[in-house]
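Colleague: Provided herewith: query-v3.txt, compact mmCIF, C-alpha atoms.
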```txt
# COMPACT_ATOMS: atom_id res chain seq x y z
CA MET J 1 -110.18 247.99 61.42
CA LYS J 2 -106.41 247.95 61.76
CA TRP J 3 -105.89 251.67 61.14
CA GLU J 4 -107.78 252.43 64.36
CA ASP J 5 -104.92 250.98 66.38
CA ASN J 6 -102.94 254.18 65.72
CA VAL J 7 -105.75 256.66 66.36
CA ARG J 8 -105.36 258.99 69.34
CA LYS J 9 -108.49 258.32 71.36
CA VAL J 10 -109.65 260.91 73.90
CA ILE J 11 -112.87 261.75 75.69
CA PRO J 12 -113.66 265.24 74.39
CA TYR J 13 -114.88 268.29 76.29
CA ILE J 14 -118.67 268.60 76.15
CA PRO J 15 -119.80 272.24 75.86
CA GLY J 16 -123.11 273.55 77.13
CA GLU J 17 -126.17 272.84 75.02
CA GLN J 18 -126.77 275.37 72.24
CA PRO J 19 -130.54 275.23 71.54
CA LYS J 20 -132.06 277.30 68.74
CA HIS J 21 -135.64 278.00 69.82
CA ASN J 22 -137.31 281.34 69.15
CA LYS J 23 -138.67 281.99 72.63
CA MET J 24 -136.09 280.23 74.78
CA ILE J 25 -134.32 281.69 77.80
CA LYS J 26 -130.70 280.64 77.51
CA LEU J 27 -128.91 280.66 80.87
CA ASN J 28 -126.59 277.68 80.44
CA THR J 29 -123.35 278.88 78.80
CA ASN J 30 -122.46 282.10 80.67
CA GLU J 31 -122.71 284.33 77.62
CA CYS J 32 -123.27 288.04 78.15
CA PRO J 33 -126.97 288.94 77.80
CA TYR J 34 -126.12 292.29 76.19
CA PRO J 35 -124.62 293.04 72.77
CA PRO J 36 -121.01 294.13 72.37
CA SER J 37 -120.10 297.79 72.12
CA PRO J 38 -121.65 299.60 69.12
CA LYS J 39 -118.08 300.54 68.21
CA VAL J 40 -117.35 296.86 67.63
CA LEU J 41 -119.83 296.74 64.76
CA GLU J 42 -118.56 300.06 63.44
CA ALA J 43 -115.07 298.56 63.27
CA VAL J 44 -116.31 295.73 61.06
CA ARG J 45 -118.06 298.13 58.68
CA ALA J 46 -114.86 300.17 58.47
CA LEU J 47 -112.76 297.25 57.23
CA GLU J 48 -111.30 297.92 53.82
CA GLU J 49 -112.68 295.97 50.88
CA ASN J 50 -109.46 294.05 50.32
CA SER J 51 -108.74 293.26 53.96
CA LEU J 52 -110.39 289.84 53.97
CA ARG J 53 -108.45 288.84 50.86
CA LEU J 54 -105.17 289.24 52.72
CA TYR J 55 -103.68 287.26 55.59
CA PRO J 56 -104.07 288.90 59.00
CA ASP J 57 -101.06 290.15 60.94
CA PRO J 58 -99.62 286.96 62.46
CA GLU J 59 -98.32 288.94 65.43
CA VAL J 60 -101.74 290.56 66.02
CA LYS J 61 -99.80 293.65 67.01
CA GLU J 62 -102.72 296.12 66.95
CA LEU J 63 -104.82 294.12 69.41
CA ARG J 64 -101.85 293.25 71.60
CA THR J 65 -100.92 296.94 71.71
CA VAL J 66 -104.29 298.11 73.04
CA LEU J 67 -104.34 295.27 75.56
CA ALA J 68 -100.83 296.16 76.73
CA GLU J 69 -101.87 299.79 77.17
CA TYR J 70 -105.10 298.87 78.96
CA TYR J 71 -103.42 296.52 81.44
CA GLU J 72 -100.26 298.65 81.70
CA VAL J 73 -97.79 296.01 80.61
CA LYS J 74 -95.29 295.74 77.76
CA LEU J 75 -96.40 294.63 74.30
CA GLU J 76 -94.01 291.68 74.61
CA GLN J 77 -95.96 290.46 77.65
CA VAL J 78 -99.21 289.90 75.73
CA PHE J 79 -100.26 286.77 73.82
CA VAL J 80 -103.58 286.42 71.98
CA GLY J 81 -105.46 283.42 70.67
CA VAL J 82 -108.77 282.18 69.33
CA GLY J 83 -110.64 282.32 72.61
CA SER J 84 -109.06 281.56 75.96
CA ASP J 85 -109.43 277.84 75.13
CA ASP J 86 -106.86 278.27 72.37
CA VAL J 87 -104.60 280.26 74.68
CA LEU J 88 -104.85 277.65 77.42
CA ALA J 89 -104.27 274.75 75.01
CA ASN J 90 -101.11 276.45 73.78
CA ALA J 91 -100.05 277.04 77.38
CA PHE J 92 -100.54 273.36 78.27
CA LEU J 93 -98.48 272.36 75.24
CA THR J 94 -95.75 274.90 76.00
CA PHE J 95 -95.29 274.83 79.75
CA PHE J 96 -96.47 271.46 81.01
CA ASN J 97 -93.65 269.37 79.61
CA SER J 98 -92.57 267.39 82.66
CA LYS J 99 -92.98 263.82 83.85
CA LYS J 100 -94.32 265.25 87.11
CA PRO J 101 -98.10 265.73 87.35
CA VAL J 102 -99.83 269.03 86.65
CA LEU J 103 -102.12 269.95 89.53
CA PHE J 104 -105.62 271.43 89.28
CA PRO J 105 -108.82 271.27 91.39
CA ASP J 106 -111.23 268.36 91.21
CA ILE J 107 -114.09 270.81 90.60
CA THR J 108 -112.93 273.10 87.84
CA TYR J 109 -113.15 273.89 84.14
CA SER J 110 -113.56 270.46 82.57
CA PHE J 111 -111.28 271.18 79.61
CA TYR J 112 -108.14 270.89 81.77
CA ASP J 113 -108.09 267.12 81.97
CA VAL J 114 -109.06 266.86 78.28
CA TRP J 115 -105.97 268.83 77.23
CA ALA J 116 -103.81 266.84 79.62
CA GLU J 117 -105.06 263.58 78.13
CA LEU J 118 -104.71 264.87 74.56
CA PHE J 119 -101.12 266.02 75.03
CA GLY J 120 -100.07 263.09 77.22
CA ILE J 121 -99.47 265.27 80.28
CA PRO J 122 -99.63 263.55 83.68
CA TYR J 123 -102.04 265.29 86.05
CA GLU J 124 -103.74 265.08 89.42
CA ARG J 125 -107.05 266.53 90.51
CA ILE J 126 -106.71 268.12 93.95
CA PRO J 127 -109.96 268.08 95.98
CA LEU J 128 -111.40 271.43 96.97
CA THR J 129 -112.47 271.80 100.60
CA GLU J 130 -116.00 270.97 101.66
CA GLU J 131 -116.86 274.64 101.07
CA PHE J 132 -115.33 274.40 97.55
CA HIS J 133 -112.25 276.49 98.31
CA ILE J 134 -108.62 275.82 97.37
CA ASN J 135 -106.37 274.68 100.19
CA SER J 136 -103.00 276.20 99.33
CA ASN J 137 -101.13 273.55 101.33
CA ASP J 138 -102.31 270.90 98.85
CA TYR J 139 -100.19 272.60 96.18
CA LYS J 140 -96.98 272.77 98.20
CA ARG J 141 -95.46 269.62 96.80
CA GLU J 142 -93.53 268.45 93.77
CA ASN J 143 -95.42 268.97 90.52
CA GLY J 144 -95.06 269.76 86.83
CA GLY J 145 -97.21 272.90 86.89
CA ILE J 146 -100.42 274.30 88.36
CA ILE J 147 -103.58 275.69 86.83
CA PHE J 148 -106.88 276.82 88.34
CA PRO J 149 -109.67 279.25 87.48
CA ASN J 150 -110.19 282.29 89.69
CA PRO J 151 -113.07 282.91 90.12
CA ASN J 152 -113.74 279.20 89.93
CA ALA J 153 -115.95 277.63 87.29
CA PRO J 154 -118.46 276.24 88.02
CA THR J 155 -118.67 277.26 91.70
CA GLY J 156 -118.25 281.03 91.18
CA ILE J 157 -115.91 281.35 94.18
CA TRP J 158 -113.05 283.88 94.04
CA GLU J 159 -109.89 283.19 96.03
CA GLU J 160 -107.95 286.03 97.63
CA LEU J 161 -104.68 287.08 95.98
CA SER J 162 -102.86 286.21 99.19
CA LEU J 163 -103.73 282.54 98.59
CA ILE J 164 -102.53 282.74 94.99
CA GLU J 165 -99.29 284.33 96.08
CA GLU J 166 -98.81 281.58 98.66
CA ILE J 167 -99.08 279.00 95.86
CA LEU J 168 -96.76 280.99 93.60
CA SER J 169 -94.18 281.44 96.31
CA ALA J 170 -94.08 277.69 96.97
CA ASN J 171 -93.85 276.78 93.27
CA GLN J 172 -91.37 279.12 91.64
CA ASP J 173 -89.75 276.33 89.62
CA VAL J 174 -92.92 275.58 87.60
CA VAL J 175 -95.49 277.62 85.67
CA VAL J 176 -98.65 278.61 87.53
CA ILE J 177 -101.61 279.55 85.31
CA VAL J 178 -104.52 281.55 86.70
CA ASP J 179 -107.55 281.30 84.40
CA GLU J 180 -109.51 284.53 84.89
CA ALA J 181 -112.41 284.11 82.47
CA TYR J 182 -114.82 285.66 85.00
CA VAL J 183 -112.61 288.05 86.95
CA ASP J 184 -114.28 291.22 85.65
CA PHE J 185 -117.51 290.41 87.52
CA GLY J 186 -116.13 290.91 91.00
CA GLY J 187 -112.71 289.37 91.58
CA LYS J 188 -109.33 291.07 91.63
CA SER J 189 -106.89 290.01 88.94
CA ALA J 190 -103.63 288.25 89.70
CA LEU J 191 -102.00 290.62 87.21
CA ASP J 192 -100.84 292.57 90.27
CA LEU J 193 -98.46 289.69 91.05
CA LEU J 194 -96.71 289.63 87.66
CA GLU J 195 -93.83 291.91 88.64
CA LYS J 196 -92.95 289.63 91.53
CA TYR J 197 -93.39 286.21 89.88
CA ASP J 198 -92.04 285.51 86.39
CA ASN J 199 -93.61 282.01 86.45
CA LEU J 200 -97.17 283.39 86.52
CA LEU J 201 -99.41 283.37 83.45
CA VAL J 202 -102.79 285.14 83.64
CA VAL J 203 -105.39 284.18 81.02
CA GLN J 204 -108.55 286.15 80.21
CA THR J 205 -111.24 286.20 77.52
CA PHE J 206 -113.55 288.52 75.58
CA SER J 207 -116.33 285.91 75.68
CA LYS J 208 -117.98 286.86 78.98
CA SER J 209 -117.58 290.44 80.14
CA ARG J 210 -116.95 291.87 76.66
CA ALA J 211 -119.96 290.11 75.09
CA MET J 212 -117.94 288.58 72.24
CA ALA J 213 -118.16 284.81 72.70
CA GLY J 214 -118.94 284.47 68.99
CA MET J 215 -115.70 286.15 67.92
CA ARG J 216 -113.34 283.87 69.91
CA ILE J 217 -110.77 286.22 71.42
CA GLY J 218 -108.62 285.26 74.38
CA PHE J 219 -105.32 286.54 75.72
CA ALA J 220 -102.59 285.82 78.22
CA ILE J 221 -100.26 288.16 80.07
CA GLY J 222 -96.99 287.01 81.59
CA SER J 223 -93.27 287.68 81.58
CA GLU J 224 -91.61 288.50 78.25
CA LYS J 225 -89.70 285.21 78.33
CA MET J 226 -92.88 283.23 79.00
CA ILE J 227 -94.76 284.90 76.14
CA SER J 228 -91.84 284.32 73.77
CA TYR J 229 -92.05 280.58 74.50
CA LEU J 230 -95.80 280.64 73.86
CA ASN J 231 -95.25 282.36 70.52
CA ASP J 232 -92.66 279.77 69.51
CA VAL J 233 -95.25 277.03 69.96
CA LYS J 234 -98.01 279.03 68.25
CA PHE J 235 -95.87 279.81 65.20
CA SER J 236 -94.86 276.16 64.97
CA PHE J 237 -98.52 275.21 64.69
CA ASN J 238 -100.48 278.01 63.00
CA SER J 239 -99.20 281.53 62.40
CA TYR J 240 -102.54 283.04 61.36
CA THR J 241 -104.75 282.07 64.27
CA MET J 242 -106.80 285.28 64.53
CA ASN J 243 -108.81 286.65 61.62
CA GLN J 244 -109.05 290.27 60.44
CA THR J 245 -112.57 290.86 61.75
CA SER J 246 -111.79 289.50 65.22
CA ILE J 247 -108.73 291.75 65.47
CA ALA J 248 -110.67 294.87 64.44
CA MET J 249 -113.59 294.08 66.75
CA GLY J 250 -111.29 293.25 69.65
CA VAL J 251 -109.44 296.55 69.34
CA ALA J 252 -112.71 298.48 69.27
CA SER J 253 -114.00 296.65 72.33
CA VAL J 254 -110.93 297.44 74.45
CA LYS J 255 -111.08 301.10 73.45
CA ASP J 256 -114.72 301.46 74.55
CA ASP J 257 -114.05 301.08 78.26
CA MET J 258 -117.15 303.03 79.29
CA TYR J 259 -119.48 300.55 77.57
CA PHE J 260 -117.53 297.59 78.94
CA LYS J 261 -117.94 298.80 82.50
CA GLU J 262 -121.60 299.62 81.90
CA ILE J 263 -122.63 296.10 80.84
CA VAL J 264 -120.49 294.46 83.52
CA GLY J 265 -122.24 296.68 86.07
CA LYS J 266 -125.65 295.61 84.75
CA VAL J 267 -124.79 291.92 85.04
CA VAL J 268 -123.44 292.35 88.58
CA ALA J 269 -126.52 294.30 89.70
CA THR J 270 -128.85 291.63 88.29
CA ARG J 271 -126.77 288.88 89.90
CA GLU J 272 -127.04 290.47 93.34
CA ARG J 273 -130.81 290.90 93.00
CA VAL J 274 -131.27 287.31 91.83
CA LYS J 275 -129.22 286.04 94.79
CA LYS J 276 -131.79 287.54 97.15
CA GLU J 277 -134.71 286.14 95.18
CA LEU J 278 -133.21 282.65 95.04
CA LYS J 279 -132.60 282.70 98.79
CA ASN J 280 -136.26 283.60 99.31
CA LEU J 281 -137.15 280.48 97.28
CA GLY J 282 -135.00 278.30 99.53
CA PHE J 283 -131.92 277.95 97.30
CA SER J 284 -128.42 277.99 98.75
CA PHE J 285 -125.21 278.93 96.96
CA MET J 286 -121.69 280.26 97.39
CA ASP J 287 -121.02 283.97 97.04
CA SER J 288 -120.56 284.21 93.29
CA LYS J 289 -118.06 286.66 91.82
CA THR J 290 -118.95 285.65 88.25
CA ASN J 291 -121.82 286.06 85.78
CA PHE J 292 -123.54 282.94 87.09
CA ILE J 293 -124.86 281.46 90.33
CA PHE J 294 -124.14 277.87 91.38
CA ALA J 295 -127.20 276.92 93.38
CA SER J 296 -128.89 273.95 95.02
CA HIS J 297 -132.25 273.44 96.74
CA PRO J 298 -132.62 271.38 99.94
CA LEU J 299 -135.94 269.81 98.95
CA VAL J 300 -135.72 269.28 95.19
CA LYS J 301 -132.95 267.54 93.24
CA ALA J 302 -131.06 269.72 90.79
CA LYS J 303 -131.69 267.33 87.92
CA GLU J 304 -135.45 267.57 88.48
CA ILE J 305 -135.35 271.36 88.40
CA PHE J 306 -133.10 271.28 85.34
CA GLU J 307 -135.52 269.06 83.43
CA ALA J 308 -138.55 271.08 84.50
CA CYS J 309 -136.87 274.30 83.33
CA LYS J 310 -135.96 272.70 80.01
CA GLU J 311 -139.58 271.73 79.37
CA GLN J 312 -140.37 275.44 79.57
CA GLN J 313 -137.47 276.26 77.23
CA ILE J 314 -135.48 277.74 80.08
CA TYR J 315 -131.95 276.36 79.79
CA VAL J 316 -129.62 276.17 82.79
CA ARG J 317 -126.54 273.95 83.23
CA TYR J 318 -126.54 270.65 85.11
CA PHE J 319 -123.39 268.60 85.79
CA ALA J 320 -123.81 264.89 86.50
CA LYS J 321 -120.50 264.77 88.35
CA PRO J 322 -119.39 263.78 91.85
CA ARG J 323 -119.84 266.45 94.54
CA ILE J 324 -121.74 268.85 92.27
CA ASP J 325 -124.59 266.72 90.89
CA ASN J 326 -127.11 268.54 93.08
CA TYR J 327 -126.21 272.02 91.82
CA LEU J 328 -127.40 274.09 88.90
CA ARG J 329 -125.23 276.69 87.22
CA ILE J 330 -127.50 279.58 86.30
CA SER J 331 -126.08 282.23 83.97
CA ILE J 332 -127.17 285.80 84.58
CA GLY J 333 -129.41 287.04 81.77
CA THR J 334 -131.33 290.26 81.33
CA GLU J 335 -133.64 291.50 84.08
CA GLU J 336 -136.61 290.19 82.11
CA GLU J 337 -135.07 286.76 81.55
CA MET J 338 -134.24 286.38 85.23
CA ASP J 339 -137.76 287.48 86.21
CA SER J 340 -139.17 284.74 83.98
CA LEU J 341 -136.86 282.15 85.55
CA LEU J 342 -137.71 283.25 89.09
CA ALA J 343 -141.45 283.23 88.38
CA PHE J 344 -141.22 279.72 86.97
CA LEU J 345 -139.16 278.46 89.91
CA ALA J 346 -141.59 279.96 92.42
CA ASP J 347 -144.54 278.30 90.68
CA PHE J 348 -142.73 274.98 90.25
CA LEU J 349 -141.63 274.75 93.88
CA LYS J 350 -145.08 275.71 95.11
CA ASN J 351 -147.01 273.18 93.01
CA ARG J 352 -144.74 270.15 92.64
```
Any chance you could put this one into structure tokens?

Modeller:
Amino acid sequence: MKWEDNVRKVIPYIPGEQPKHNKMIKLNTNECPYPPSPKVLEAVRALEENSLRLYPDPEVKELRTVLAEYYEVKLEQVFVGVGSDDVLANAFLTFFNSKKPVLFPDITYSFYDVWAELFGIPYERIPLTEEFHINSNDYKRENGGIIFPNPNAPTGIWEELSLIEEILSANQDVVVIVDEAYVDFGGKSALDLLEKYDNLLVVQTFSKSRAMAGMRIGFAIGSEKMISYLNDVKFSFNSYTMNQTSIAMGVASVKDDMYFKEIVGKVVATRERVKKELKNLGFSFMDSKTNFIFASHPLVKAKEIFEACKEQQIYVRYFAKPRIDNYLRISIGTEEEMDSLLAFLADFLKNR
């Protein structure tokens, strides 16, 4: 078929499996195991009857305002999008416009190379160390931009801000993006470096720690000039990216800081308990600062454990990729869900 000659062909990102079984335990996509703040649902009920008939505010000023107040930055420093994926895609399109390669780790969020391929951006994957850490010296060379998650996905490792600053200091002529989807679970945000580096963009999401993956809310904070460039690209593509309900629910979520900290605390406490239990079962893993644990077992292949769990309708994430094909990424669920997983693993390892 001749028309196919002009089709843009890419290998798409493959998200985690989304099964729909009644009694499943879903620990494969890093969703929050608890519901969002009750005030989030109240905000939806309070929407005026005509609100859905009208276009939403294209500037999303109400949500940006509460985010600016919460993170103590100017309104003009905040950009919002439909999940952090949308924010990151816009950032790739806006800032990575050089013939030099964009640099990111070889073990990282697997959407980065998809966007690079889609937008025709040259890139290089920089190997992490044997312990899955970033070596800052690897990023001290000519490039067209840098992006990495901190804490890392899927390893769960958080890098110290001193390392991030070392990378920023050596790359002040390009944009450096720090993807902080999991930072609320134990890392320290690079937002502290914004005043010193106007080439830094920090991206976060409501999907994990704010229990709103289904509403698709992400945001970026950077210099006013950087955010203005992001908005230029956004408004050249789609002015009305965020719907009325998402805006109202996002505002309510940010305002209920007590609930936010409560559920994050629950996830962290469960994570620390599960670490001890997994160690007792012989698993090894890096010190996770996220809402998941990236674990391997010395005697049983990860794929075998993954398949055995799936037969019991316990879903964890397995990556058939170099260097990490013997690890499982296990999202932190409720106490009861994790007890069920641990009981199954203990029985499986004992009787296999």

Colleague: Ranking J:Ala153, J:Ile324, J:Leu52, J:Ile293 by minimum distance to J:Glu130 and counting all atoms listed in the file, which one comes first?

Modeller: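 Once distances to J:Glu130 are computed over all atoms listed in the file, the minimum belongs to J:Ile324.
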
Colleague: Report as a PyMOL selection string all protein, DNA and RNA residues lying within 12 Å of J:Leu341, evaluated on only C-alpha atoms, omitting residues in the same chain fewer than 3 positions from it.

Modeller: chain J and resi 24-27+274+277-278+281+305-306+308-310+312-316+330-338+344-348

Colleague: Could you pull the residues within 10 Å of J:Phe185, counting all atoms listed in the file, minus those fewer than 4 positions along the same chain, as an MDAnalysis selection string?

Modeller: chainID J and resid 151 181 208:209 261 264:265 267:268 271 288:292

Colleague: Just how far from atom CA of J:Trp115 is atom CA of J:Leu63, in Å to one decimal?

Modeller: 26.5 Å

Colleague: Counting all atoms listed in the file, which residues have an atom no more than 8 Å from (-98.6, 263.3, 84.0) in the file's coordinates? Please list them as a PyMOL selection string.

Modeller: chain J and resi 98-102+116+120-124+144

Colleague: Counting all atoms listed in the file, figure out which residue out of J:Glu160, J:Glu62, J:Glu272, J:Asp113 gets nearest to J:Ala252.

Modeller: J:Glu62

Colleague: Determine, counting all atoms listed in the file, every residue of protein, DNA or RNA that lies within 6 Å of (-131.8, 273.9, 92.7) in the file coordinates, then give the result as a ChimeraX atom specification.

Modeller: /J:295-297,302,327-328

Colleague: With a distance cut-off of 10 Å and all atoms listed in the file, select the neighbouring residues of J:Arg323, excluding the residue or stretch itself and same-chain residues fewer than 2 positions from it, and output the selection as a ChimeraX atom specification.

Modeller: /J:106-107,130,132,319-321,325-327

Colleague: For stretch 200-203 of chain J, list every protein, DNA or RNA residue within 6 Å, evaluated using all atoms listed in the file, and leave out those in the same chain fewer than 3 positions away; present the list as a list in words.

Modeller: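 What passes the distance filter is Val176, Ile177, Val178, Asp179, Glu180, Tyr197, Phe219, Ala220, Ile221 and Gly222 of chain J.
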
Colleague: Counting all atoms listed in the file, what is within 12 Å of J:Lys196, bar same-chain residues fewer than 5 positions away, as a ChimeraX atom specification?

Modeller: /J:165,168-169,172,190-191,222-223

Colleague: Rounded to one decimal in Å, what is the spacing between atom CA of J:Gly145 and atom CA of J:Leu103?

Modeller: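 Straight-line distance from atom CA of J:Gly145 to atom CA of J:Leu103 works out to 6.3 Å.
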
Colleague: Between J:Ser110, J:Asn351, J:Ser228, J:Asn150, which one has atoms that come closest to J:Ala91, using only C-alpha atoms?

Modeller: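 Of J:Ser110, J:Asn351, J:Ser228, J:Asn150, the one nearest J:Ala91, counting only C-alpha atoms, is J:Ser228.
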
Colleague: Suppose you want the space between atom CA of J:Val78 and atom CA of J:Leu47; what is it in Å?

Modeller: 24.1 Å

Colleague: For each of J:Asp198, J:Phe119, J:Cys32, J:Leu342, take the minimum atom-to-atom distance to J:Gly282, counting only C-alpha atoms, then give the residue where this is smallest.

Modeller: J:Leu342

Colleague: Looking at only C-alpha atoms, which of J:Arg141, J:Lys234, J:Lys2, J:Lys74 is the one that sits closest to J:Pro58?

Modeller: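 Looking only at the distances to J:Pro58, the closest residue turns out to be J:Lys234.
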
Colleague: Check the smallest atom-to-atom distance from each of J:Arg273, J:Glu48, J:Ser253, J:Pro298 to J:Tyr70 using all atoms listed in the file, then report the winner.

Modeller: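 Of J:Arg273, J:Glu48, J:Ser253, J:Pro298, the one nearest J:Tyr70 is J:Ser253, counting all atoms listed in the file.
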